[in-house]
Each structure stands twice: as C-alpha cells, then as structure tokens.
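Peer 1: One file is attached below, structure.txt, containing compact mmCIF, C-alpha atoms and all ligand atoms.
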# COMPACT_ATOMS: atom_id res chain seq x y z
CA MET A 1 36.51 -88.53 -77.90
CA ALA A 2 40.14 -89.60 -77.57
CA PHE A 3 41.15 -93.20 -77.12
CA SER A 4 42.51 -93.88 -73.66
CA LYS A 5 44.23 -96.93 -72.25
CA LYS A 6 42.18 -99.11 -69.92
CA GLU A 7 42.47 -102.50 -68.32
CA LYS A 8 39.56 -103.85 -70.36
CA TYR A 9 37.62 -102.65 -73.37
CA ASN A 10 34.05 -102.82 -74.60
CA VAL A 11 34.02 -104.51 -77.98
CA ALA A 12 31.23 -104.78 -80.54
CA VAL A 13 31.25 -107.33 -83.37
CA VAL A 14 29.11 -106.20 -86.31
CA GLY A 15 28.05 -109.21 -88.38
CA ALA A 16 28.60 -111.49 -85.39
CA THR A 17 26.63 -114.38 -86.86
CA GLY A 18 28.60 -114.45 -90.13
CA ALA A 19 31.53 -116.62 -91.16
CA VAL A 20 34.07 -113.93 -90.21
CA GLY A 21 32.10 -112.53 -87.25
CA ARG A 22 32.08 -115.95 -85.55
CA ARG A 23 35.86 -116.19 -86.01
CA MET A 24 36.21 -112.70 -84.55
CA ILE A 25 34.47 -113.89 -81.39
CA THR A 26 36.64 -117.01 -81.06
CA THR A 27 39.82 -115.07 -81.88
CA LEU A 28 39.08 -112.49 -79.16
CA ALA A 29 38.64 -115.39 -76.72
CA GLU A 30 41.65 -117.44 -77.84
CA ARG A 31 44.02 -114.47 -77.72
CA ASP A 32 42.55 -113.32 -74.43
CA PHE A 33 41.92 -109.81 -75.72
CA PRO A 34 41.05 -107.68 -72.66
CA VAL A 35 37.28 -107.62 -73.24
CA ASP A 36 35.00 -106.07 -70.66
CA ARG A 37 31.61 -106.12 -72.42
CA LEU A 38 31.14 -107.93 -75.73
CA VAL A 39 28.21 -106.76 -77.85
CA LEU A 40 27.18 -108.97 -80.76
CA LEU A 41 25.34 -107.20 -83.57
CA ALA A 42 23.58 -108.44 -86.70
CA SER A 43 20.40 -107.83 -88.70
CA ALA A 44 16.83 -108.52 -87.59
CA ARG A 45 17.21 -111.96 -89.21
CA SER A 46 19.35 -113.21 -86.33
CA ALA A 47 18.72 -110.77 -83.47
CA GLY A 48 17.99 -112.86 -80.38
CA GLN A 49 20.16 -115.78 -81.49
CA VAL A 50 22.54 -116.81 -78.70
CA LEU A 51 26.31 -117.18 -79.25
CA THR A 52 28.98 -118.00 -76.69
CA PHE A 53 32.13 -116.15 -75.68
CA LYS A 54 34.47 -117.74 -73.13
CA GLY A 55 31.65 -120.05 -72.02
CA LYS A 56 29.20 -117.17 -71.53
CA SER A 57 25.99 -116.92 -73.56
CA ILE A 58 25.44 -113.61 -75.31
CA ALA A 59 22.29 -112.75 -77.26
CA VAL A 60 22.78 -111.14 -80.67
CA GLU A 61 21.34 -107.63 -80.84
CA LEU A 62 19.94 -105.71 -83.76
CA LEU A 63 22.49 -103.29 -85.23
CA THR A 64 21.25 -99.71 -84.90
CA GLU A 65 22.72 -96.24 -85.11
CA SER A 66 23.04 -96.18 -81.31
CA SER A 67 24.69 -99.60 -80.93
CA PHE A 68 28.12 -98.03 -80.34
CA ALA A 69 27.46 -95.90 -77.26
CA GLY A 70 30.00 -96.80 -74.58
CA GLN A 71 31.95 -99.14 -76.88
CA ASP A 72 35.71 -98.83 -77.42
CA PHE A 73 36.13 -101.03 -80.50
CA ALA A 74 33.76 -102.16 -83.25
CA LEU A 75 34.95 -104.98 -85.48
CA PHE A 76 32.84 -104.81 -88.65
CA SER A 77 32.29 -107.73 -90.99
CA ALA A 78 28.79 -107.37 -92.40
CA GLY A 79 29.60 -106.13 -95.90
CA ALA A 80 30.58 -102.77 -97.34
CA SER A 81 27.10 -101.22 -97.35
CA VAL A 82 26.66 -101.89 -93.62
CA SER A 83 30.11 -100.42 -92.93
CA LEU A 84 29.42 -97.33 -95.02
CA LYS A 85 26.15 -96.73 -93.20
CA TYR A 86 27.13 -97.55 -89.61
CA ALA A 87 30.88 -96.87 -89.24
CA PRO A 88 30.26 -93.09 -89.01
CA PHE A 89 27.93 -93.64 -86.02
CA SER A 90 30.65 -95.67 -84.33
CA VAL A 91 33.22 -92.93 -84.94
CA ASP A 92 30.79 -90.32 -83.59
CA ALA A 93 30.40 -92.41 -80.44
CA GLY A 94 34.20 -92.46 -79.98
CA CYS A 95 34.37 -96.17 -80.82
CA ILE A 96 37.30 -97.23 -83.05
CA VAL A 97 36.20 -99.09 -86.18
CA ILE A 98 38.27 -101.98 -87.54
CA ASP A 99 36.52 -102.70 -90.80
CA ASN A 100 36.86 -105.98 -92.67
CA SER A 101 34.85 -104.79 -95.67
CA SER A 102 36.14 -103.06 -98.79
CA ALA A 103 34.26 -99.84 -97.93
CA PHE A 104 37.18 -97.69 -96.80
CA ARG A 105 40.32 -99.57 -97.84
CA MET A 106 41.43 -97.25 -100.61
CA GLU A 107 40.38 -94.00 -98.88
CA LYS A 108 43.45 -91.79 -98.72
CA ASP A 109 43.19 -90.95 -95.02
CA ILE A 110 42.23 -94.41 -93.82
CA PRO A 111 45.07 -96.77 -92.89
CA LEU A 112 45.04 -100.24 -94.45
CA VAL A 113 46.93 -102.38 -92.01
CA VAL A 114 48.62 -105.76 -91.77
CA PRO A 115 50.38 -105.76 -88.38
CA GLU A 116 53.43 -107.72 -89.62
CA VAL A 117 53.88 -105.24 -92.47
CA ASN A 118 52.82 -101.66 -91.70
CA PRO A 119 51.88 -101.32 -88.01
CA ASP A 120 53.09 -97.71 -88.04
CA ALA A 121 50.26 -96.74 -90.40
CA ILE A 122 47.93 -96.68 -87.37
CA PRO A 123 47.69 -93.09 -86.12
CA ASP A 124 47.78 -92.09 -82.44
CA GLN A 125 44.06 -91.45 -82.40
CA PRO A 126 42.58 -93.89 -84.91
CA GLU A 127 38.96 -93.66 -86.03
CA ILE A 128 38.57 -96.18 -88.86
CA ILE A 129 41.21 -98.74 -89.73
CA ALA A 130 40.65 -100.96 -92.75
CA ASN A 131 41.44 -104.66 -92.75
CA PRO A 132 42.69 -105.64 -96.22
CA ASN A 133 41.22 -108.20 -98.57
CA CYS A 134 41.93 -111.78 -97.46
CA SER A 135 44.01 -112.77 -100.51
CA THR A 136 46.05 -109.58 -100.22
CA ILE A 137 46.79 -110.04 -96.51
CA GLN A 138 48.41 -113.45 -96.88
CA MET A 139 50.33 -112.35 -99.95
CA VAL A 140 51.80 -109.17 -98.43
CA VAL A 141 52.89 -111.00 -95.27
CA ALA A 142 55.17 -113.03 -97.56
CA LEU A 143 56.06 -110.18 -99.94
CA HIS A 144 57.05 -107.66 -97.28
CA PRO A 145 60.39 -109.24 -96.21
CA ILE A 146 61.21 -109.97 -99.86
CA HIS A 147 60.47 -106.38 -100.88
CA ALA A 148 62.57 -104.99 -98.02
CA LYS A 149 65.60 -107.02 -99.08
CA TYR A 150 65.34 -107.36 -102.88
CA ARG A 151 62.85 -104.64 -104.02
CA ILE A 152 59.96 -106.24 -105.81
CA LYS A 153 59.29 -105.03 -109.36
CA ARG A 154 56.48 -107.33 -110.41
CA VAL A 155 54.18 -109.97 -108.93
CA VAL A 156 52.15 -112.44 -111.00
CA VAL A 157 49.59 -114.15 -108.78
CA SER A 158 46.81 -116.69 -109.30
CA THR A 159 44.55 -117.46 -106.36
CA TYR A 160 42.63 -120.59 -105.39
CA GLN A 161 40.11 -119.13 -102.96
CA SER A 162 37.82 -121.07 -100.65
CA VAL A 163 34.08 -120.55 -100.52
CA SER A 164 34.09 -119.38 -96.89
CA GLY A 165 35.32 -116.05 -98.27
CA SER A 166 31.79 -115.58 -99.62
CA GLY A 167 30.19 -116.24 -96.21
CA GLN A 168 28.03 -118.87 -94.56
CA LYS A 169 25.62 -119.23 -97.50
CA ALA A 170 28.48 -120.19 -99.81
CA ILE A 171 29.71 -122.87 -97.37
CA ALA A 172 26.18 -124.31 -97.41
CA GLU A 173 25.99 -124.07 -101.21
CA LEU A 174 29.21 -126.08 -101.71
CA THR A 175 27.96 -128.71 -99.23
CA THR A 176 24.53 -129.21 -100.80
CA GLN A 177 25.84 -129.07 -104.37
CA SER A 178 28.56 -131.63 -103.63
CA MET A 179 26.03 -134.03 -102.15
CA ALA A 180 23.65 -133.50 -105.08
CA VAL A 181 26.39 -134.17 -107.66
CA LEU A 182 27.50 -137.34 -105.86
CA ASP A 183 23.85 -138.45 -105.75
CA GLY A 184 23.51 -137.84 -109.50
CA LYS A 185 20.99 -135.04 -108.92
CA ASP A 186 20.69 -131.57 -110.49
CA THR A 187 22.25 -128.63 -108.64
CA SER A 188 21.09 -125.06 -108.20
CA SER A 189 23.28 -122.02 -107.55
CA GLU A 190 22.38 -118.93 -105.56
CA VAL A 191 25.63 -117.47 -104.27
CA TYR A 192 27.73 -118.10 -107.40
CA PRO A 193 26.76 -117.69 -111.06
CA HIS A 194 27.70 -121.34 -111.74
CA GLN A 195 28.01 -124.63 -109.89
CA ILE A 196 30.98 -124.41 -107.50
CA ALA A 197 31.05 -128.12 -106.55
CA PHE A 198 33.73 -129.95 -108.59
CA ASN A 199 34.39 -126.75 -110.52
CA CYS A 200 36.64 -123.64 -110.57
CA LEU A 201 35.20 -120.18 -111.20
CA PRO A 202 37.61 -117.53 -112.56
CA HIS A 203 35.26 -114.87 -111.22
CA ILE A 204 35.36 -113.30 -107.74
CA ASP A 205 33.39 -110.11 -107.08
CA VAL A 206 32.17 -108.10 -110.08
CA PHE A 207 33.83 -107.55 -113.46
CA LEU A 208 35.18 -104.08 -114.17
CA ASP A 209 35.59 -102.20 -117.47
CA ASN A 210 39.23 -103.30 -117.79
CA GLY A 211 38.23 -106.98 -117.87
CA TYR A 212 39.58 -107.69 -114.39
CA THR A 213 37.37 -108.46 -111.42
CA LYS A 214 37.10 -106.15 -108.43
CA GLU A 215 38.83 -108.85 -106.34
CA GLU A 216 41.77 -108.80 -108.76
CA MET A 217 42.05 -105.02 -108.62
CA LYS A 218 41.93 -105.18 -104.80
CA MET A 219 45.11 -107.26 -104.98
CA VAL A 220 46.75 -104.65 -107.23
CA ASN A 221 45.77 -101.54 -105.29
CA GLU A 222 45.84 -102.85 -101.72
CA THR A 223 49.28 -104.45 -102.18
CA ARG A 224 50.72 -101.10 -103.27
CA LYS A 225 49.06 -99.23 -100.42
CA ILE A 226 50.14 -101.66 -97.69
CA LEU A 227 53.71 -101.99 -98.96
CA GLY A 228 53.80 -98.21 -99.52
CA ASP A 229 55.16 -98.52 -103.05
CA ASP A 230 53.06 -97.61 -106.09
CA SER A 231 55.77 -98.84 -108.45
CA ILE A 232 55.08 -102.53 -107.70
CA GLN A 233 53.36 -104.17 -110.68
CA VAL A 234 50.77 -106.80 -109.78
CA SER A 235 49.21 -109.09 -112.39
CA PRO A 236 46.39 -111.08 -110.72
CA THR A 237 43.91 -113.83 -111.60
CA THR A 238 41.51 -114.73 -108.79
CA VAL A 239 39.68 -118.05 -108.83
CA ARG A 240 37.04 -119.57 -106.54
CA VAL A 241 37.64 -123.28 -105.93
CA PRO A 242 35.56 -125.95 -104.16
CA VAL A 243 37.49 -125.74 -100.89
CA PHE A 244 35.75 -124.78 -97.63
CA TYR A 245 38.51 -122.94 -95.75
CA SER A 246 41.90 -121.35 -96.59
CA HIS A 247 43.03 -119.57 -99.72
CA SER A 248 46.00 -120.81 -101.75
CA GLU A 249 48.08 -118.66 -104.10
CA SER A 250 50.66 -119.34 -106.80
CA VAL A 251 53.02 -116.36 -106.82
CA ASN A 252 55.83 -115.31 -109.16
CA VAL A 253 57.97 -112.44 -107.90
CA GLU A 254 60.49 -110.49 -109.96
CA THR A 255 62.97 -108.29 -108.11
CA GLU A 256 65.52 -105.50 -108.71
CA ALA A 257 68.29 -107.26 -106.78
CA PRO A 258 69.52 -110.77 -107.58
CA ILE A 259 67.37 -113.29 -105.70
CA SER A 260 67.31 -117.04 -105.14
CA ALA A 261 64.69 -119.42 -103.82
CA GLU A 262 67.16 -120.78 -101.26
CA ALA A 263 67.94 -117.33 -99.83
CA VAL A 264 64.23 -116.42 -99.66
CA LYS A 265 63.49 -119.68 -97.88
CA LYS A 266 65.98 -118.69 -95.17
CA LEU A 267 64.64 -115.14 -95.05
CA LEU A 268 61.01 -116.23 -94.67
CA ARG A 269 61.91 -118.75 -91.96
CA HIS A 270 62.75 -115.77 -89.76
CA SER A 271 59.95 -113.45 -90.86
CA PRO A 272 56.96 -112.67 -88.62
CA GLY A 273 53.70 -114.54 -89.16
CA ILE A 274 55.21 -117.02 -91.64
CA ARG A 275 55.83 -120.75 -91.47
CA VAL A 276 57.90 -122.27 -94.28
CA VAL A 277 56.72 -125.77 -95.22
CA ASP A 278 58.92 -126.86 -98.09
CA ASP A 279 60.17 -130.42 -98.31
CA PRO A 280 58.97 -131.67 -101.69
CA GLU A 281 60.79 -135.01 -101.38
CA ARG A 282 58.55 -135.85 -98.43
CA SER A 283 55.52 -134.32 -100.19
CA GLU A 284 55.49 -131.48 -97.68
CA TYR A 285 54.13 -128.15 -98.84
CA PRO A 286 51.37 -125.82 -97.61
CA LEU A 287 47.86 -127.24 -97.89
CA ALA A 288 44.48 -125.59 -97.36
CA ILE A 289 43.29 -128.35 -95.04
CA ASP A 290 46.39 -127.98 -92.86
CA ALA A 291 46.17 -124.17 -92.69
CA GLU A 292 42.52 -124.23 -91.56
CA GLY A 293 42.26 -122.98 -88.00
CA LYS A 294 45.90 -121.84 -87.88
CA ASP A 295 47.23 -118.32 -87.54
CA GLU A 296 50.27 -118.45 -89.79
CA VAL A 297 50.78 -117.74 -93.46
CA PHE A 298 52.31 -120.94 -94.88
CA VAL A 299 54.86 -120.67 -97.70
CA GLY A 300 56.42 -123.47 -99.73
CA ARG A 301 57.32 -124.77 -103.22
CA LEU A 302 60.04 -122.11 -103.38
CA ARG A 303 61.73 -122.37 -106.78
CA ASN A 304 63.96 -120.23 -108.96
CA ASP A 305 62.10 -119.04 -112.04
CA LEU A 306 63.70 -120.98 -114.92
CA SER A 307 62.65 -118.34 -117.45
CA ARG A 308 64.03 -115.26 -115.69
CA LYS A 309 67.15 -114.45 -113.70
CA LYS A 310 65.86 -112.30 -110.87
CA ALA A 311 62.58 -114.09 -110.17
CA ILE A 312 61.23 -116.87 -107.97
CA ASN A 313 58.03 -118.88 -107.65
CA PHE A 314 56.26 -119.99 -104.50
CA TRP A 315 52.96 -121.16 -103.02
CA ILE A 316 51.19 -119.37 -100.17
CA VAL A 317 48.32 -120.77 -98.07
CA SER A 318 46.49 -119.23 -95.13
CA ASP A 319 43.14 -119.50 -93.35
CA ASN A 320 41.16 -116.72 -95.02
CA LEU A 321 38.79 -116.34 -92.08
CA ARG A 322 41.64 -116.03 -89.56
CA LYS A 323 44.74 -114.22 -90.85
CA GLY A 324 42.72 -113.14 -93.87
CA ALA A 325 40.08 -111.48 -91.68
CA ALA A 326 39.35 -112.05 -87.96
CA LEU A 327 42.89 -112.51 -86.67
CA ASN A 328 44.25 -109.53 -88.61
CA ALA A 329 41.45 -107.36 -87.17
CA VAL A 330 42.11 -108.50 -83.59
CA GLN A 331 45.87 -108.01 -84.08
CA ILE A 332 45.15 -104.40 -85.08
CA ALA A 333 43.15 -103.90 -81.88
CA GLU A 334 46.01 -105.48 -79.90
CA LEU A 335 48.48 -103.04 -81.44
CA ILE A 336 46.30 -100.11 -80.36
CA VAL A 337 45.80 -101.26 -76.78
CA GLY A 338 49.43 -102.35 -76.49
CA ARG A 339 50.93 -98.94 -77.27
P1 LIG B 401 22.44 -111.89 -90.17
O1 LIG B 401 22.79 -113.21 -89.51
O2 LIG B 401 21.44 -111.15 -89.37
O3 LIG B 401 22.09 -112.02 -91.62
P2 LIG B 401 28.29 -113.85 -93.96
O4 LIG B 401 29.46 -113.06 -94.49
O5 LIG B 401 28.68 -115.16 -93.39
O6 LIG B 401 27.20 -113.92 -94.97
O7 LIG B 401 27.73 -112.98 -92.72
C1 LIG B 401 27.30 -111.66 -92.87
C2 LIG B 401 27.06 -111.05 -91.48
O8 LIG B 401 26.63 -109.71 -91.66
C3 LIG B 401 25.98 -111.76 -90.70
O9 LIG B 401 26.27 -111.69 -89.33
C4 LIG B 401 24.75 -110.91 -91.04
O10 LIG B 401 23.75 -110.96 -90.03
C5 LIG B 401 25.38 -109.54 -91.01
N1 LIG B 401 24.56 -108.57 -91.74
C6 LIG B 401 24.23 -108.58 -93.05
N2 LIG B 401 23.46 -107.51 -93.36
C7 LIG B 401 23.30 -106.82 -92.22
C8 LIG B 401 22.62 -105.62 -91.87
N3 LIG B 401 21.93 -104.91 -92.76
N4 LIG B 401 22.67 -105.19 -90.57
C9 LIG B 401 23.36 -105.90 -89.67
N5 LIG B 401 24.03 -107.03 -89.92
C10 LIG B 401 24.01 -107.49 -91.18
Once you've parsed the file, please lay out its structure as structure tokens.
Ligand code: A2P

Peer 2:
Amino acid sequence: MAFSKKEKYNVAVVGATGAVGRRMITTLAERDFPVDRLVLLASARSAGQVLTFKGKSIAVELLTESSFAGQDFALFSAGASVSLKYAPFSVDAGCIVIDNSSAFRMEKDIPLVVPEVNPDAIPDQPEIIANPNCSTIQMVVALHPIHAKYRIKRVVVSTYQSVSGSGQKAIAELTTQSMAVLDGKDTSSEVYPHQIAFNCLPHIDVFLDNGYTKEEMKMVNETRKILGDDSIQVSPTTVRVPVFYSHSESVNVETEAPISAEAVKKLLRHSPGIRVVDDPERSEYPLAIDAEGKDEVFVGRLRNDLSRKKAINFWIVSDNLRKGAALNAVQIAELIVGR
C-alpha cells in the first residue's frame, strides 16, 4: 500500500510506556504533528494503563500482530527484539515504521536518518526507517557541517551517557542507589553490572570479540552510514555516568583541510539543530542539566588541538531522549508528510 498525503495521520507508538515512548507522545503533541488517531502499544504488563495526549486520556493497548491495521506511522521504541518481530506486520499493513531500536540500522536497504544530515536518504515510498543510536545522532549533527567543509579523517570520541538511555528501570536504579549510598546502606544492581550511583561504567551494551562494546561499534558504523563516507575513522569509548538525562561527548576531530576552532565555532553557529554555548570566561559551556528537555544539540569548549595541526576538540551535549530518540523520529515523520 503506497503512502498518500492526508490532512491527519493515524500514529501508533510501540513501547508507549517507556522512557522514549513517553517522549514520543509529548513530542508529537508539542510539535503539533497532524495526528488523527493515536494508538499506544506496550506489553501485557502495562496494557490498560492510561496516558494523556493533548489533554486526552488514551488507554495503552497490548501490542499484537494486528495492531497496525489502519495506521499510517508506527514509532517503535520497545527494543530490537520487538522491532524485529513486529515491524514486518506494520509494513504488511502499509504502516511506515520509524524504528528507534538497533534492529535494522545497518541493513543495507534501510535508511538510517538524521533529518539535519541526510534527509534525502528517505525513499519516496518508505517502509522502515531506522533512527540512529542516541550518541551517534548528536555527534553527527555536529560533524556533518564540519565534514562538508573540511573533510573529516578521524574522530576520537568519549561519551558520558545518562542512565535514561537504558530506560525507566535504570532511572529508578540510579535514584534508589543514590539514596542508599547517602544513607550509608548497601546497594543492589539489576540494570547495570555494577553500582551506577557515584560511579562511571566504561561498559554500554555487550562486549564484542574486538574488545569494543556494541555501543562503541554503533558509533563507528552508524557515523559512516549517515555521513555516507566509509573512510571516516572513528575511535570511540562509551561510558555510562550517574546523570539522569542528556548525553555528553568529548570529541577530537582531525580533518583533511586546515581547520581552526574559531572558524568551526562560526560554522556551527549557522548550522541546523545546533546551539553553540562557548564562553569559558563566564563558565558557559554545554551542560547535561541545561540540555534536558531541549531540542538542540549543544556544542562548546571549541579548542585547537595543541598536538596536531589540522584537528580540534569540542564538547557536545544533547537530550538523549529527545534529539537522541523521540524528536529525531518525529522529525523523520514530519519530513515524510511534508514532502
Ligand atoms: P511495558 O510497560 O509493557 O513493559 P524502557 O526503554 O523505558 O524500558 O521501555 C520499554 C518499552 O517497551 C515499554 O513501553 C515496554 O512496555 C515496551 N515493551 C517491552 N517489551 C515489550 C513487548 N514484548 N511487547 C510490547 N511492548 C514491549
């Protein structure tokens, strides 16, 4: 069934009760996406729970193979196994899938899209569009204008990722552990292999044979796919930190063409989706607590690399649940309906 333009669209949110799913609902409302019927889907654990959209109560329904009949868009954020199982039913029902999981991102025929970077990757008749990994999205929004002007050769990135990236249970785990530590009590960990409160874990997703984590390899492979350049070298270290919302990243970029921090600062000031916050004398730089709830990718601490000629350092912060997930997905839907 071909996609056709309408005044309003039926939208399903798969994983509606989760950390990202809830942001998908608020983002659809805030951006006034032309929603006709909103269907909220989750597992049997939360079917029947009531959520609100634009002041209206909507009961969460159990996700089934037939949940997509009559729907135009399905925004998935319930994990890769749910996407792998249910996205095909959505496609069969003629409902476009925008998938926040890692299930399809590196599939050759499936576009991996960040609207500020590669909107043209969306085909005329899309079926499944993959939303990239949260850390990759915020990084490529900043890298794209730099790559276009200076050609990036190599990126060395270390991330400081908030617990909300691991879902609602991780937010609860950081809360209860923090209170226990402050009370001088023992902690227990379920989501993470170690205590996350007052700690940093250099371990996100599973370890692979090459010694890197899957999260780190997502940053390598997804960056190349989105920027459309397999020659870009990416050297990542991903770290979970005891922050609730927003991911921060320390990034070193080495380019073909001569580059300077000052010129990149000017360039990024006029680049889509970016806000430069860089006034060290006044202690102004991007902060996780300031980025929370905002749409932009914040960039600051722009410095020339003292050890290399054609390289700069900077700091990127963005709300991982918004630009890193829900907002990017809704922006993709907006691109499709706006064509
Ligand atoms: P549920 O509330 O029923 O568990 P988070 O990333 O915050 O952990 O959220 C995950 C989301 O994915 C939740 O909405 C969760 O629903 C949903 N989910 C997880 N497993 C399934 C499943 N098998 N079928 C449908 N929804 C699922």

Peer 1: Which neighbours of Gln138 in chain A fall inside 8 Å, counting all atoms listed in the file, when residues of the same chain fewer than 5 positions from it are skipped, and could you give them as a list in words?

Peer 2: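 Once the nearby chain positions are removed, what remains is Val297, Ile316, Val317, Ser318, Lys323 and Gly324 of chain A.
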
Peer 1: Kindly save the residues from that selection, with C-alpha atoms included, as a short mmCIF file (atom, residue, chain, number, x, y, z; two decimals), keeping the file's coordinate frame.

Peer 2:
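Dumped everything to part-v4.cif:
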data_model
loop_
_atom_site.label_atom_id
_atom_site.label_comp_id
_atom_site.auth_asym_id
_atom_site.auth_seq_id
_atom_site.Cartn_x
_atom_site.Cartn_y
_atom_site.Cartn_z
CA VAL A 297 50.78 -117.74 -93.46
CA ILE A 316 51.19 -119.37 -100.17
CA VAL A 317 48.32 -120.77 -98.07
CA SER A 318 46.49 -119.23 -95.13
CA LYS A 323 44.74 -114.22 -90.85
CA GLY A 324 42.72 -113.14 -93.87
#

Peer 1: Find the smallest box with edges along x, y and z containing every listed atom of range 227-233 of chain A, then add 6 Å on each side and report centre and edge lengths in Å to one decimal, as lines of an AutoDock Vina configuration file.

Peer 2:
center_x = 54.4
center_y = -100.9
center_z = -104.8
size_x = 14.7
size_y = 18.6
size_z = 23.7

Peer 1: Taking 2 positions as the minimum chain separation for residues in the same chain, which residues sit within 8 Å of range 171-178 of chain A when counting only C-alpha atoms? Answer as a list in words.

Peer 2: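 In the requested form, the answer reads Val163, Ser164, Ser166, Gly167, Gln168, Lys169, Ala180, Val181, Leu182, Thr187, Ser188, Ser189, Glu190, Val191, Gln195, Ile196, Ala197, Phe198, Pro242 and Phe244 of chain A.
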
Peer 1: List the spatial neighbours of Ile289 in chain A as a list of chain:residue names - criterion: any atom at most 12 Å away, all atoms listed in the file, same-chain residues fewer than 4 positions off excluded.

Peer 2: A:Ser162, A:Val243, A:Phe244, A:Tyr245, A:Ser246, A:His247, A:Ser248, A:Tyr285, A:Gly293, A:Lys294, A:Phe298, A:Val317, A:Ser318, A:Asp319, A:Asn320

Peer 1: Using only C-alpha atoms and all ligand atoms, find each residue in chain A having at least one atom no more than 6 Å away from ligand LIG 401 (chain B); report its shortest atom-to-atom pair and that distance in Å (one decimal), rows by chain then rising number, as CSV.

Peer 2:
residue,atom,partner,partner_atom,distance
A:Gly15,CA,B:LIG401,O9,3.2
A:Ala16,CA,B:LIG401,O9,4.6
A:Thr17,CA,B:LIG401,O9,3.7
A:Gly18,CA,B:LIG401,O7,3.1
A:Ala19,CA,B:LIG401,O5,3.9
A:Ala42,CA,B:LIG401,N5,3.5
A:Ser43,CA,B:LIG401,O2,3.5
A:Ala44,CA,B:LIG401,O2,5.6
A:Arg45,CA,B:LIG401,O2,4.3
A:Ser46,CA,B:LIG401,O2,4.2
A:Leu63,CA,B:LIG401,C9,5.2
A:Ala78,CA,B:LIG401,O8,3.3
A:Val82,CA,B:LIG401,N3,5.7
A:Gly167,CA,B:LIG401,O5,3.4
A:Gln168,CA,B:LIG401,O5,3.9

Peer 1: Please measure the separation of CA of Ala142 in chain A and CA of Val156 in chain A, giving the value in Å to one decimal.

Peer 2: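 Interatomic distance, CA of Ala142 in chain A to CA of Val156 in chain A: 13.8 Å.
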
Peer 1: What lies within 9 Å of Glu222 in chain A using only C-alpha atoms, ignoring chain neighbours under 6 positions off, as a ChimeraX atom specification?

Peer 2: /A:105-106,112,132-133,136-137

Peer 1: Do a neighbour search on Val330 in chain A at 12 Å with all atoms listed in the file, toss out local chain neighbours closer than 3 positions, and write the hits as a PyMOL selection string.

Peer 2: chain A and resi 11-13+20-21+23-35+73-76+97-100+113-115+129-131+295+322-327+333-338

Peer 1: Using CA of Leu227 in chain A and CA of Gly94 in chain A as the two end points, give the distance in Å to one decimal.

Peer 2: 28.8 Å

Peer 1: Would you mind reading off the distance between CA of Glu7 in chain A and CA of Asp36 in chain A, one decimal, in Å?

Peer 2: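 Separation between CA of Glu7 in chain A and CA of Asp36 in chain A: 8.6 Å.
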
Peer 1: For Thr237 in chain A, which residue out of A:Thr159, A:Lys225, A:Pro272, A:Pro280 is the nearest one, using only C-alpha atoms?

Peer 2: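 Ranked by minimum distance to Thr237 in chain A, first place goes to A:Thr159.
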
Peer 1: Between A:Ala263, A:Ile226, A:Val234, A:Ile146, which residue has the minimum interatomic distance to Pro119 in chain A, considering all atoms listed in the file?

Peer 2: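 Closest residue, counting all atoms listed in the file: A:Ile226.
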
Peer 1: Of the candidates A:Asn199, A:Ile152, A:Leu208, A:Arg282, which one gets nearest to Arg224 in chain A if we count only C-alpha atoms?

Peer 2: A:Ile152

Peer 1: In terms of the shortest atom-to-atom distance over all atoms listed in the file, which of A:Ser101, A:Asn313, A:Ser81, A:Thr64 is closest to Ala329 in chain A?

Peer 2: A:Ser101

Peer 1: Using all atoms listed in the file for the distances, tell me which of A:Ser4, A:Ser67, A:Ser271, A:Ser57 is nearest to Val141 in chain A.

Peer 2: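 Ranking A:Ser4, A:Ser67, A:Ser271, A:Ser57 by distance to Val141 in chain A, first place goes to A:Ser271.
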
Peer 1: Please return, as a CSV table (one decimal) with C-alpha atoms, in the frame of the given file, all polymer residues that have at least one atom within 6 Å of the point (39.6, -95.6, -84.8); use only C-alpha atoms and the file's own coordinate frame.

Peer 2:
chain,number,residue,atom,x,y,z
A,96,ILE,CA,37.3,-97.2,-83.0
A,97,VAL,CA,36.2,-99.1,-86.2
A,126,PRO,CA,42.6,-93.9,-84.9
A,127,GLU,CA,39.0,-93.7,-86.0
A,128,ILE,CA,38.6,-96.2,-88.9

Peer 1: Kindly indicate which residue among A:Asn10, A:Ser77, A:Ser66, A:Asn304 lies nearest to Asp92 in chain A, using all atoms listed in the file for the distances.

Peer 2: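 Result for the nearest residue to Asp92 in chain A: A:Ser66.
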